[in-house]
>>> print(open('coords.cif').read())   # mmCIF, C-alpha atoms and all ligand atoms
data_upload
#
loop_
_atom_site.label_atom_id
_atom_site.label_comp_id
_atom_site.auth_asym_id
_atom_site.auth_seq_id
_atom_site.Cartn_x
_atom_site.Cartn_y
_atom_site.Cartn_z
CA MET A 1490 23.75 35.09 -8.12
CA PRO A 1491 25.55 32.92 -5.54
CA THR A 1492 27.79 30.18 -6.81
CA ASP A 1493 26.21 26.80 -6.43
CA ARG A 1494 29.23 24.89 -5.23
CA ARG A 1495 27.08 21.96 -4.28
CA ASP A 1496 26.58 21.18 -7.94
CA PHE A 1497 30.30 21.10 -8.53
CA LEU A 1498 31.61 18.05 -10.35
CA GLY A 1499 28.08 16.82 -10.49
CA LEU A 1500 28.84 14.02 -12.89
CA GLY A 1501 31.30 12.43 -10.57
CA ALA A 1502 28.82 12.81 -7.77
CA VAL A 1503 26.31 10.86 -9.74
CA LEU A 1504 28.77 8.11 -10.46
CA LEU A 1505 29.46 7.68 -6.77
CA ALA A 1506 25.86 8.13 -5.78
CA SER A 1507 24.64 5.64 -8.29
CA SER A 1508 25.82 2.66 -6.32
CA ALA A 1509 23.66 3.75 -3.42
CA ILE A 1510 20.51 4.21 -5.44
CA THR A 1511 17.83 1.63 -5.16
CA GLY A 1512 14.42 1.23 -6.69
CA ASN A 1513 14.10 3.33 -9.83
CA ALA A 1514 17.75 2.98 -10.73
CA LYS A 1515 17.99 -0.77 -10.31
CA GLU A 1516 17.78 -1.47 -14.02
CA GLU A 1517 20.70 0.89 -14.56
CA GLU A 1518 23.06 -1.06 -12.35
CA SER A 1519 24.64 -2.96 -15.19
CA CYS A 1520 25.59 0.37 -16.77
CA HIS A 1521 27.96 1.24 -13.99
CA GLN A 1522 30.66 -1.31 -14.56
CA ASN A 1523 32.38 0.29 -17.52
CA THR A 1524 31.70 3.93 -16.82
CA SER A 1525 34.88 5.92 -16.35
CA LYS A 1526 35.57 6.76 -12.72
CA ARG A 1527 36.15 10.42 -11.98
CA GLN A 1528 36.81 11.94 -8.61
CA LEU A 1529 33.86 13.73 -7.17
CA THR A 1530 32.81 15.81 -4.30
CA LEU A 1531 29.09 15.86 -3.92
CA VAL A 1532 25.96 13.79 -3.83
CA LYS A 1533 22.82 15.69 -4.50
CA ASN A 1534 19.27 14.46 -4.94
CA PRO A 1535 20.40 10.96 -5.84
CA THR A 1536 16.84 9.66 -5.93
CA LYS A 1537 16.22 11.83 -8.96
CA VAL A 1538 19.06 10.33 -10.95
CA LEU A 1539 17.86 8.45 -13.99
CA SER A 1540 21.10 6.98 -15.23
CA PRO A 1541 24.79 6.98 -14.30
CA ALA A 1542 25.52 10.23 -16.11
CA THR A 1543 22.32 12.14 -15.37
CA LEU A 1544 22.19 14.89 -12.82
CA ILE A 1545 18.97 16.80 -12.31
CA THR A 1546 20.20 20.25 -11.36
CA SER A 1547 18.48 21.79 -8.40
CA LYS A 1548 16.43 24.91 -9.13
CA GLU A 1549 17.35 26.25 -5.71
CA GLY A 1550 18.92 29.69 -5.93
CA LYS A 1551 18.44 29.95 -9.67
CA ASN A 1552 16.24 32.38 -11.55
CA TYR A 1553 15.50 29.81 -14.22
CA ASN A 1554 14.10 26.31 -14.54
CA PRO A 1555 17.13 24.10 -15.31
CA VAL A 1556 17.07 21.74 -18.27
CA VAL A 1557 17.34 17.97 -17.96
CA THR A 1558 20.01 16.63 -20.32
CA LEU A 1559 19.25 13.03 -21.33
CA ASN A 1560 22.00 10.79 -19.92
CA GLY A 1561 23.94 13.96 -19.24
CA TRP A 1562 24.51 16.81 -16.84
CA SER A 1563 24.88 20.59 -16.55
CA LEU A 1564 28.27 22.20 -15.95
CA PRO A 1565 28.58 24.05 -12.63
CA TYR A 1566 30.04 27.55 -12.71
CA GLU A 1567 31.75 29.88 -10.30
CA MET A 1568 30.92 33.57 -9.95
CA LYS A 1569 34.03 35.70 -10.48
CA GLU A 1570 32.75 39.18 -9.67
CA ASP A 1571 29.89 39.56 -12.16
CA ILE A 1572 31.07 36.87 -14.55
CA LYS A 1573 29.90 33.26 -14.64
CA GLU A 1574 33.04 31.21 -15.13
CA PHE A 1575 32.85 27.74 -16.69
CA ARG A 1576 35.78 25.35 -17.19
CA LEU A 1577 35.85 22.86 -20.05
CA ILE A 1578 38.53 20.22 -20.54
CA ALA A 1579 38.71 18.67 -23.99
CA GLU A 1580 39.92 15.09 -23.46
CA PRO A 1581 39.59 11.45 -24.50
CA VAL A 1582 36.73 9.72 -22.65
CA ILE A 1583 35.18 6.28 -22.49
CA ARG A 1584 31.43 6.31 -23.03
CA GLU A 1585 29.07 3.42 -22.47
CA PHE A 1586 26.51 3.60 -25.32
CA ALA A 1587 24.25 0.91 -23.86
CA PRO A 1588 24.79 -1.85 -21.28
CA GLY A 1589 27.60 -4.03 -22.60
CA MET A 1590 29.00 -1.68 -25.21
CA VAL A 1591 31.65 1.00 -24.66
CA VAL A 1592 33.25 3.39 -27.14
CA ASN A 1593 36.52 5.32 -27.09
CA CYS A 1594 35.31 8.89 -27.61
CA TRP A 1595 36.66 12.40 -27.28
CA GLY A 1596 34.58 14.78 -25.20
CA TYR A 1597 34.66 17.33 -22.41
CA ASN A 1598 35.05 16.93 -18.64
CA GLY A 1599 34.79 13.15 -18.74
CA THR A 1600 31.76 12.72 -20.97
CA SER A 1601 30.69 12.75 -24.57
CA PRO A 1602 28.75 14.82 -25.28
CA GLY A 1603 30.22 17.40 -22.93
CA PRO A 1604 28.14 18.87 -20.11
CA THR A 1605 25.29 21.24 -20.91
CA ILE A 1606 26.18 24.87 -20.24
CA GLU A 1607 23.26 26.85 -18.78
CA ALA A 1608 23.19 30.61 -18.34
CA VAL A 1609 20.74 33.51 -18.49
CA GLU A 1610 20.23 36.17 -21.14
CA GLY A 1611 22.30 39.20 -20.15
CA ASP A 1612 24.92 37.13 -18.29
CA ARG A 1613 28.57 37.70 -19.03
CA ILE A 1614 30.19 34.28 -19.27
CA ARG A 1615 33.83 33.18 -19.28
CA LEU A 1616 34.64 29.76 -20.73
CA ILE A 1617 38.12 28.47 -19.88
CA VAL A 1618 39.04 25.70 -22.30
CA THR A 1619 41.99 23.37 -21.70
CA ASN A 1620 43.06 21.03 -24.47
CA ASN A 1621 44.07 17.57 -23.23
CA LEU A 1622 43.61 15.96 -26.65
CA PRO A 1623 46.50 14.65 -28.75
CA GLU A 1624 45.81 17.33 -31.39
CA HIS A 1625 44.76 20.98 -31.53
CA THR A 1626 41.15 22.08 -31.10
CA THR A 1627 38.88 25.13 -30.63
CA ILE A 1628 35.29 25.65 -29.50
CA HIS A 1629 32.67 27.33 -31.67
CA TRP A 1630 29.51 28.59 -29.90
CA HIS A 1631 26.92 27.63 -32.50
CA GLY A 1632 24.13 30.20 -32.90
CA VAL A 1633 25.40 32.64 -30.27
CA ILE A 1634 25.70 36.31 -31.28
CA LEU A 1635 29.14 37.35 -30.03
CA PRO A 1636 32.28 39.33 -30.93
CA ASN A 1637 33.94 37.83 -34.00
CA GLY A 1638 37.14 36.92 -32.12
CA MET A 1639 35.13 34.69 -29.74
CA ASP A 1640 33.59 32.62 -32.56
CA GLY A 1641 36.08 29.77 -32.17
CA VAL A 1642 37.04 29.13 -35.80
CA GLY A 1643 40.63 27.88 -35.79
CA GLY A 1644 42.80 29.85 -38.21
CA LEU A 1645 40.06 32.41 -39.00
CA THR A 1646 39.18 34.03 -35.68
CA GLN A 1647 41.85 32.59 -33.36
CA PRO A 1648 44.98 30.44 -33.30
CA GLN A 1649 44.37 26.72 -32.76
CA ILE A 1650 44.47 25.62 -29.11
CA LYS A 1651 47.45 23.26 -29.08
CA PRO A 1652 47.63 20.19 -26.82
CA GLY A 1653 48.31 21.33 -23.27
CA GLU A 1654 47.22 24.93 -23.88
CA THR A 1655 44.33 26.78 -22.24
CA TYR A 1656 42.30 29.51 -23.98
CA VAL A 1657 39.68 31.85 -22.54
CA TYR A 1658 36.47 32.90 -24.27
CA GLU A 1659 34.41 35.69 -22.74
CA PHE A 1660 31.24 37.36 -23.98
CA THR A 1661 27.83 38.68 -22.93
CA LEU A 1662 24.74 36.65 -23.84
CA ARG A 1663 22.47 38.91 -25.87
CA GLN A 1664 19.81 36.30 -26.74
CA SER A 1665 17.95 33.47 -25.06
CA GLY A 1666 17.40 30.10 -26.70
CA THR A 1667 18.98 26.75 -27.54
CA PHE A 1668 22.54 26.62 -28.88
CA MET A 1669 25.35 24.09 -29.28
CA TYR A 1670 29.12 24.01 -28.89
CA HIS A 1671 31.62 21.99 -30.90
CA PRO A 1672 35.19 22.24 -32.26
CA HIS A 1673 35.86 24.24 -35.42
CA ALA A 1674 39.19 22.44 -35.86
CA ASP A 1675 39.65 19.04 -37.58
CA GLU A 1676 35.87 18.92 -37.39
CA MET A 1677 35.31 15.67 -39.23
CA VAL A 1678 37.49 13.75 -36.77
CA GLN A 1679 36.54 15.62 -33.60
CA MET A 1680 32.77 15.49 -34.13
CA ALA A 1681 32.96 11.85 -35.29
CA MET A 1682 34.64 11.18 -31.91
CA GLY A 1683 31.77 12.84 -30.00
CA MET A 1684 33.03 16.36 -29.22
CA MET A 1685 29.95 18.52 -28.76
CA GLY A 1686 27.54 19.84 -26.17
CA MET A 1687 24.52 22.08 -25.66
CA LEU A 1688 24.44 25.70 -24.55
CA ILE A 1689 21.10 26.78 -23.09
CA VAL A 1690 20.42 30.47 -22.51
CA HIS A 1691 17.35 31.02 -20.36
CA PRO A 1692 15.26 34.19 -20.86
CA LYS A 1693 16.03 37.06 -18.48
CA ASN A 1694 12.29 37.29 -17.76
CA SER A 1695 11.70 33.86 -16.23
CA LYS A 1696 7.97 34.07 -17.00
CA LEU A 1697 8.69 34.06 -20.73
CA HIS A 1698 8.63 30.69 -22.52
CA ARG A 1699 7.97 28.95 -19.22
CA VAL A 1700 7.51 25.16 -19.18
CA ASP A 1701 7.21 22.59 -16.40
CA ARG A 1702 9.82 20.18 -17.81
CA ASP A 1703 12.58 21.08 -20.20
CA PHE A 1704 14.61 18.25 -21.78
CA CYS A 1705 17.56 18.55 -24.15
CA PHE A 1706 19.89 16.29 -26.10
CA LEU A 1707 22.03 16.04 -29.23
CA LEU A 1708 21.62 13.71 -32.18
CA GLN A 1709 24.89 11.99 -33.07
CA SER A 1710 26.19 9.40 -35.51
CA TYR A 1711 29.17 7.08 -35.12
CA ASP A 1712 30.78 4.35 -37.14
CA VAL A 1713 32.06 1.66 -34.78
CA ALA A 1714 32.71 -1.64 -36.56
CA PRO A 1715 31.42 -4.73 -34.71
CA GLY A 1716 34.14 -6.09 -32.44
CA THR A 1717 35.95 -2.74 -32.14
CA TYR A 1718 35.87 0.22 -29.72
CA THR A 1719 37.00 3.32 -31.63
CA PRO A 1720 34.85 5.23 -34.15
CA ASN A 1721 36.05 5.33 -37.75
CA THR A 1722 36.59 9.06 -38.24
CA SER A 1723 36.88 8.93 -42.03
CA THR A 1724 33.29 7.79 -42.46
CA MET A 1725 31.28 10.41 -44.38
CA THR A 1726 27.69 9.15 -44.56
CA GLU A 1727 27.57 5.41 -43.80
CA PHE A 1728 27.45 5.57 -40.01
CA ASN A 1729 26.19 2.54 -38.08
CA LEU A 1730 25.33 3.96 -34.63
CA TRP A 1731 22.59 6.59 -34.32
CA ALA A 1732 22.62 8.12 -30.87
CA PHE A 1733 20.87 10.52 -28.50
CA ASN A 1734 23.71 12.01 -26.42
CA SER A 1735 26.13 9.17 -27.20
CA ARG A 1736 23.64 6.59 -25.95
CA VAL A 1737 21.56 4.13 -27.97
CA PHE A 1738 18.33 2.38 -27.02
CA PRO A 1739 17.88 0.66 -24.59
CA GLY A 1740 20.56 2.85 -22.98
CA ILE A 1741 18.65 6.14 -23.35
CA ASP A 1742 16.80 7.73 -20.42
CA PRO A 1743 13.01 7.87 -20.67
CA MET A 1744 11.49 11.34 -20.55
CA VAL A 1745 9.26 11.18 -17.48
CA VAL A 1746 6.53 13.82 -17.15
CA ARG A 1747 3.47 14.53 -15.03
CA LYS A 1748 0.10 14.53 -16.79
CA GLY A 1749 -0.85 18.12 -17.58
CA ASP A 1750 2.77 19.38 -17.68
CA ARG A 1751 3.85 21.73 -20.42
CA VAL A 1752 6.98 20.03 -21.76
CA ARG A 1753 9.79 21.29 -23.97
CA ILE A 1754 12.21 18.97 -25.75
CA ARG A 1755 15.25 20.65 -27.34
CA VAL A 1756 17.02 18.57 -29.99
CA GLY A 1757 20.29 19.56 -31.69
CA ASN A 1758 21.60 17.71 -34.75
CA LEU A 1759 25.36 17.38 -35.22
CA THR A 1760 25.21 14.29 -37.44
CA MET A 1761 25.71 14.32 -41.21
CA THR A 1762 22.05 13.73 -42.11
CA ASN A 1763 18.58 15.00 -41.19
CA HIS A 1764 16.44 13.24 -38.58
CA PRO A 1765 12.63 13.32 -38.61
CA ILE A 1766 11.96 13.06 -34.88
CA HIS A 1767 8.53 11.62 -34.20
CA MET A 1768 6.51 11.48 -30.98
CA HIS A 1769 3.47 9.31 -30.36
CA GLY A 1770 0.29 10.25 -28.50
CA HIS A 1771 0.46 14.06 -28.70
CA THR A 1772 0.86 16.92 -31.12
CA PHE A 1773 3.53 19.54 -30.59
CA GLU A 1774 4.71 22.87 -31.97
CA VAL A 1775 8.27 23.93 -32.78
CA THR A 1776 8.79 26.92 -30.50
CA CYS A 1777 12.52 27.59 -30.80
CA THR A 1778 15.40 27.01 -33.18
CA ASP A 1779 19.08 27.87 -32.89
CA GLY A 1780 18.04 31.17 -34.50
CA GLY A 1781 15.68 32.09 -31.65
CA TRP A 1782 12.06 31.77 -30.54
CA VAL A 1783 9.38 31.15 -33.16
CA PRO A 1784 6.58 33.78 -32.93
CA LYS A 1785 3.28 32.21 -31.77
CA SER A 1786 1.58 33.21 -35.03
CA ALA A 1787 4.15 31.19 -37.01
CA ARG A 1788 3.76 27.88 -35.15
CA TRP A 1789 1.75 24.92 -36.42
CA PRO A 1790 0.91 21.49 -35.05
CA GLU A 1791 3.19 18.56 -35.87
CA VAL A 1792 3.83 15.00 -34.77
CA THR A 1793 7.22 14.84 -36.52
CA ALA A 1794 9.86 17.56 -36.61
CA ASP A 1795 12.62 17.21 -39.17
CA ILE A 1796 15.90 18.35 -37.63
CA PRO A 1797 18.29 19.51 -40.36
CA VAL A 1798 22.06 19.01 -40.15
CA GLY A 1799 23.69 21.61 -37.92
CA ALA A 1800 20.38 22.84 -36.49
CA VAL A 1801 18.28 22.85 -33.34
CA ARG A 1802 14.53 22.39 -33.04
CA ALA A 1803 12.84 22.78 -29.65
CA PHE A 1804 9.24 21.74 -29.48
CA GLU A 1805 6.53 21.95 -26.84
CA PHE A 1806 3.41 20.02 -25.95
CA ILE A 1807 1.02 19.58 -23.06
CA ALA A 1808 1.19 16.04 -21.75
CA THR A 1809 -2.53 15.30 -21.83
CA GLU A 1810 -2.39 11.57 -22.61
CA GLU A 1811 -1.24 9.03 -20.03
CA GLY A 1812 0.92 6.14 -21.18
CA ASP A 1813 4.30 5.07 -22.57
CA TRP A 1814 4.70 6.95 -25.83
CA SER A 1815 7.43 6.10 -28.35
CA PHE A 1816 9.80 8.91 -29.25
CA HIS A 1817 12.18 8.20 -32.11
CA CYS A 1818 13.78 9.10 -35.42
CA HIS A 1819 11.45 8.03 -38.22
CA LYS A 1820 14.27 6.81 -40.48
CA SER A 1821 13.85 3.14 -39.67
CA HIS A 1822 17.55 2.28 -40.00
CA HIS A 1823 18.23 4.94 -37.33
CA THR A 1824 16.30 2.87 -34.78
CA MET A 1825 18.53 -0.15 -35.32
CA GLY A 1826 21.89 -1.10 -33.94
CA PRO A 1827 24.94 -1.81 -36.10
CA MET A 1828 24.28 -3.84 -39.24
CA GLY A 1829 26.18 -4.49 -42.46
CA HIS A 1830 25.35 -2.26 -45.41
CA THR A 1831 25.71 -5.06 -47.93
CA ILE A 1832 23.19 -7.57 -46.60
CA PRO A 1833 21.49 -9.32 -49.55
CA ASN A 1834 17.72 -8.95 -49.64
CA MET A 1835 16.39 -12.40 -48.72
CA LEU A 1836 12.79 -11.32 -48.11
CA GLY A 1837 10.52 -13.85 -49.84
CA VAL A 1838 13.46 -16.04 -50.97
CA LYS A 1839 12.88 -19.76 -50.31
CA GLN A 1840 16.01 -21.02 -48.53
CA ASP A 1841 14.71 -24.47 -47.51
CA ASP A 1842 17.45 -26.55 -49.16
CA LEU A 1843 20.05 -23.80 -49.42
CA SER A 1844 22.06 -24.78 -46.32
CA GLU A 1845 22.51 -28.30 -47.63
CA LYS A 1846 23.61 -27.17 -51.09
CA ILE A 1847 26.07 -24.66 -49.68
CA SER A 1848 27.57 -27.17 -47.24
CA ASP A 1849 28.03 -29.64 -50.12
CA LEU A 1850 30.03 -26.99 -51.97
CA MET A 1851 31.81 -25.56 -48.89
CA PRO A 1852 31.96 -28.25 -46.18
CA ASP A 1853 33.67 -25.99 -43.61
CA TYR A 1854 31.22 -23.11 -43.96
CA MET A 1855 28.08 -22.90 -41.88
CA TYR A 1856 25.31 -21.08 -43.73
CA MET A 1857 22.41 -19.88 -41.60
CA PRO A 1858 19.32 -19.20 -43.69
CA MET A 1859 17.79 -15.98 -42.40
CA GLY A 1860 15.74 -13.05 -43.59
CA SER A 1861 13.14 -14.90 -45.70
CA SER A 1862 10.28 -13.49 -43.66
CA GLY A 1863 11.94 -10.32 -42.34
CA MET A 1864 14.60 -9.44 -39.79
CA ALA A 1865 12.58 -9.96 -36.60
CA GLU A 1866 14.20 -13.38 -36.16
CA MET A 1867 17.44 -11.53 -35.34
CA GLN A 1868 15.78 -10.68 -32.04
CA ASP A 1869 15.02 -14.37 -31.45
CA MET A 1870 18.64 -15.30 -32.17
CA ALA A 1871 19.84 -12.73 -29.66
CA GLU A 1872 17.36 -14.07 -27.10
CA MET A 1873 18.64 -17.59 -27.68
CA GLY A 1874 22.16 -16.44 -26.84
CA MET A 1875 23.70 -16.29 -30.32
CA VAL A 1876 27.42 -15.61 -29.92
CA LEU A 1877 28.09 -11.96 -30.75
CA PRO A 1878 31.42 -10.26 -31.49
CA GLU A 1879 33.34 -8.46 -28.74
CA ASN A 1880 31.83 -5.15 -27.52
CA PRO A 1881 28.45 -6.16 -28.92
CA LEU A 1882 25.24 -4.29 -29.53
CA ALA A 1883 22.21 -6.11 -30.86
CA MET A 1884 20.53 -4.75 -34.02
CA MET A 1885 17.11 -4.71 -32.44
CA THR A 1886 16.72 -4.94 -28.72
CA GLY A 1887 15.04 -3.70 -25.53
CA ASN A 1888 12.37 -5.55 -23.61
CA GLY A 1889 8.95 -4.09 -22.95
CA PRO A 1890 6.02 -5.36 -20.88
CA PHE A 1891 4.71 -7.29 -23.90
CA GLY A 1892 8.02 -8.68 -25.20
CA PRO A 1893 10.99 -7.47 -27.26
CA ILE A 1894 10.62 -3.88 -28.52
CA GLU A 1895 12.86 -4.53 -31.57
CA MET A 1896 14.44 -1.09 -31.56
CA GLY A 1897 17.95 0.30 -31.22
CA GLY A 1898 19.65 3.63 -31.85
CA MET A 1899 17.50 6.77 -31.73
CA PHE A 1900 14.56 5.54 -29.65
CA THR A 1901 13.24 6.28 -26.19
CA VAL A 1902 9.91 6.58 -24.38
CA VAL A 1903 7.95 9.58 -23.05
CA LYS A 1904 6.25 8.36 -19.87
CA VAL A 1905 3.19 10.41 -18.95
CA ARG A 1906 1.79 9.65 -15.47
CA LYS A 1907 -0.87 11.41 -13.45
CA ASP A 1908 0.76 10.44 -10.14
CA GLN A 1909 4.27 11.69 -11.01
CA GLN A 1910 5.15 14.46 -8.57
CA PRO A 1911 6.39 17.88 -9.74
CA GLY A 1912 10.18 17.71 -10.01
CA ASP A 1913 10.26 13.90 -9.86
CA TYR A 1914 12.00 12.43 -12.91
CA SER A 1915 12.40 8.91 -11.56
CA ASP A 1916 11.28 6.08 -13.83
CA PRO A 1917 7.76 4.97 -12.85
CA GLY A 1918 8.14 1.63 -14.69
CA TRP A 1919 5.88 0.49 -17.53
CA TYR A 1920 2.41 1.98 -17.94
CA LYS A 1921 -0.44 -0.03 -16.44
CA HIS A 1922 -3.20 0.20 -19.02
CA PRO A 1923 -6.78 0.50 -17.77
CA GLU A 1924 -8.74 -2.68 -18.38
CA GLY A 1925 -10.14 -2.99 -21.86
CA THR A 1926 -7.78 -0.44 -23.44
CA ILE A 1927 -5.14 -2.80 -24.92
CA ALA A 1928 -5.29 -4.18 -28.47
CA LYS A 1929 -5.97 -7.91 -28.17
CA LYS A 1930 -6.09 -11.06 -30.22
CA SER A 1931 -9.42 -11.56 -31.93
CA THR A 1932 -11.43 -14.54 -30.82
CA VAL A 1933 -13.98 -14.31 -33.66
CU CU A 2001 17.51 9.65 -37.88
#
>>> encode(input="coords.cif", output="structure tokens")
Amino acid sequence: MPTDRRDFLGLGAVLLASSAITGNAKEEESCHQNTSKRQLTLVKNPTKVLSPATLITSKEGKNYNPVVTLNGWSLPYEMKEDIKEFRLIAEPVIREFAPGMVVNCWGYNGTSPGPTIEAVEGDRIRLIVTNNLPEHTTIHWHGVILPNGMDGVGGLTQPQIKPGETYVYEFTLRQSGTFMYHPHADEMVQMAMGMMGMLIVHPKNSKLHRVDRDFCFLLQSYDVAPGTYTPNTSTMTEFNLWAFNSRVFPGIDPMVVRKGDRVRIRVGNLTMTNHPIHMHGHTFEVTCTDGGWVPKSARWPEVTADIPVGAVRAFEFIATEEGDWSFHCHKSHHTMGPMGHTIPNMLGVKQDDLSEKISDLMPDYMYMPMGSSGMAEMQDMAEMGMVLPENPLAMMTGNGPFGPIEMGGMFTVVKVRKDQQPGDYSDPGWYKHPEGTIAKKSTV
């Protein structure tokens, strides 16, 4: 296969291109300010870019249908004789999680998560890994059947890759499916800092498992205290940011599809808890895990797929229903931004004269009675311009056509449109409901 040099350094291309994009990318403009600036060489299909870090890889010259990585990109390769050669640089990166909030992460080639690696069953691949981190690392190719010495477990199957060193992994892809990559060295710190990526192996027979649109992303958790920028890497379970590809709603790309498309969404979980991922408006079947393709006879309909820790679930559906369909983790605290874990339960508590009593006792303390009728008023406070700490992220945010959406974290929207053209991933805006099809206030 010829090398697709035009894709090279695609991420950087997108960052440059993004300033020239108009129309569908307008709402993304505020995202650009804090995104790290990398040098780049190429602008390709800028009108298809959804967000500053998204590159829709061209299918041109490829014997597979490339995946679309939410808020991410696919790593270009070079052909070296019959080997596809990929270069990964492990390094500190700055990632914007949503407009107005940036995090000091570790990742690969300028982003966290790292770029998606795409190859084809039967390919021999070479992965050249340079460590620009302040400590040693390795890369484990999660789910891939390979020679033991290529498995990337520091100390067990290879020496650690010390800062400044470069190691080479090389193996032949014997399976197709959805895999992940991540360090197997100081894992708790390195994964808490965002070091991970997806490895997609397309079937050799391109007619097998064919879909019209193929999305992928990783589930991630971070603990970034309000007012700070660096994740707490000693956190074990009490994370406060729940992310799709190191982005949180409203910073996550929508998944835009054409009515009638067969759609696959591949979700990998490298957090420390399970995530029941729920989609509205359609039923789907899990068709692939990190162990391979699920036989047709073993599939059943679902509207929620629980993604265990350290696992992948890919599911497929036919986009029969037009509209803006919610797509989110069903753990309700995973669709919220950062909040304290020790908030007292004030639901139903009468606080009418509480402020006065507290200010009598503590004249310098301003008590704000909140939470008596739920947390939705947090949204109102944010709207009113309540002063937030530095590097802020609201608990519940995002504006829809009918008002605040009151979501954060692991939430996005599947947009099904009959007029969306094949190959067009640009945001069509909010769904325009046919007359008489919207729930309305009763007048009786
Ligand atoms: Cu979750």
>>> closest_atom_pairs(input="coords.cif", of="chain A", to="ligand CU 2001 (chain A)", cutoff="6 Å", atoms="only C-alpha atoms and all ligand atoms", output="tab-separated table")
residue	atom	partner	partner_atom	distance
A:His1764	CA	A:CU2001	CU	3.8
A:Cys1818	CA	A:CU2001	CU	4.5
A:Lys1820	CA	A:CU2001	CU	5.0
A:His1823	CA	A:CU2001	CU	4.8
>>> axis_aligned_box(input="coords.cif", around="region 1689-1696 of chain A", padding_each_side="5 Å", output="AutoDock Vina command-line options")
--center_x 14.5 --center_y 32.0 --center_z -19.7 --size_x 23.1 --size_y 20.5 --size_z 16.9
>>> atom_distance(input="coords.cif", atom1="CA of Arg1906 (chain A)", atom2="CA of Val1745 (chain A)")
7.9 Å
>>> residues_around(input="coords.cif", residues="Val1592 (chain A)", least_positions_apart="6", cutoff="12 Å", atoms="all atoms listed in the file", output="VMD selection string")
chain A and resid 1523 to 1525 1581 to 1586 1600 to 1601 1681 to 1683 1711 to 1721 1730 1735 to 1737 1879 to 1882
>>> residues_around(input="coords.cif", residues="Gly1561 (chain A)", least_positions_apart="3", cutoff="7 Å", atoms="all atoms listed in the file", output="PyMOL selection string")
chain A and resi 1542-1544+1558+1604
>>> atom_distance(input="coords.cif", atom1="CA of Ser1931 (chain A)", atom2="CA of Pro1890 (chain A)")
20.0 Å
>>> atom_distance(input="coords.cif", atom1="CA of Asn1560 (chain A)", atom2="CA of Phe1704 (chain A)")
10.7 Å
>>> closest_residue(input="coords.cif", among="A:Ser1695, A:Val1775, A:Gly1686, A:Thr1824", to="Gly1757 (chain A)", atoms="all atoms listed in the file")
A:Gly1686
>>> closest_atom_pairs(input="coords.cif", of="region 1593-1648 of chain A", to="region 1654-1675 of chain A", cutoff="8 Å", atoms="only C-alpha atoms", output="Markdown table")
| residue | atom | partner | partner_atom | distance |
| --- | --- | --- | --- | --- |
| A:Val1609 | CA | A:Ser1665 | CA | 7.1 |
| A:Glu1610 | CA | A:Ser1665 | CA | 5.3 |
| A:Gly1611 | CA | A:Leu1662 | CA | 5.1 |
| A:Asp1612 | CA | A:Leu1662 | CA | 5.6 |
| A:Arg1613 | CA | A:Thr1661 | CA | 4.1 |
| A:Ile1614 | CA | A:Glu1659 | CA | 5.6 |
| A:Arg1615 | CA | A:Glu1659 | CA | 4.3 |
| A:Leu1616 | CA | A:Tyr1658 | CA | 5.1 |
| A:Ile1617 | CA | A:Val1657 | CA | 4.6 |
| A:Val1618 | CA | A:Tyr1656 | CA | 5.3 |
| A:Thr1619 | CA | A:Thr1655 | CA | 4.2 |
| A:Asn1620 | CA | A:Glu1654 | CA | 5.7 |
| A:His1625 | CA | A:Ala1674 | CA | 7.2 |
| A:Thr1626 | CA | A:Ala1674 | CA | 5.2 |
| A:Thr1627 | CA | A:Pro1672 | CA | 5.0 |
| A:Ile1628 | CA | A:Pro1672 | CA | 4.4 |
| A:His1629 | CA | A:His1671 | CA | 5.5 |
| A:Trp1630 | CA | A:Tyr1670 | CA | 4.7 |
| A:His1631 | CA | A:Met1669 | CA | 5.0 |
| A:Gly1632 | CA | A:Phe1668 | CA | 5.6 |
| A:Val1633 | CA | A:Phe1668 | CA | 6.8 |
| A:Ile1634 | CA | A:Arg1663 | CA | 6.8 |
| A:Leu1635 | CA | A:Phe1660 | CA | 6.4 |
| A:Pro1636 | CA | A:Phe1660 | CA | 7.3 |
| A:Met1639 | CA | A:Tyr1658 | CA | 5.9 |
| A:Gly1641 | CA | A:His1673 | CA | 6.4 |
| A:Val1642 | CA | A:His1673 | CA | 5.0 |
| A:Gly1643 | CA | A:Ala1674 | CA | 5.6 |
>>> residues_around(input="coords.cif", residues="Val1556 (chain A)", least_positions_apart="3", cutoff="12 Å", atoms="all atoms listed in the file", output="ChimeraX atom specification")
/A:1543-1548,1551,1553,1559,1561-1564,1604-1608,1666-1667,1687-1691,1699-1706,1752-1755,1912,1914
>>> residues_around(input="coords.cif", residues="region 1765-1772 of chain A", least_positions_apart="6", cutoff="12 Å", atoms="all atoms listed in the file", output="VMD selection string")
chain A and resid 1707 to 1708 1733 1744 1748 to 1749 1751 to 1752 1754 to 1758 1789 to 1798 1801 to 1821 1823 to 1824 1899 to 1905
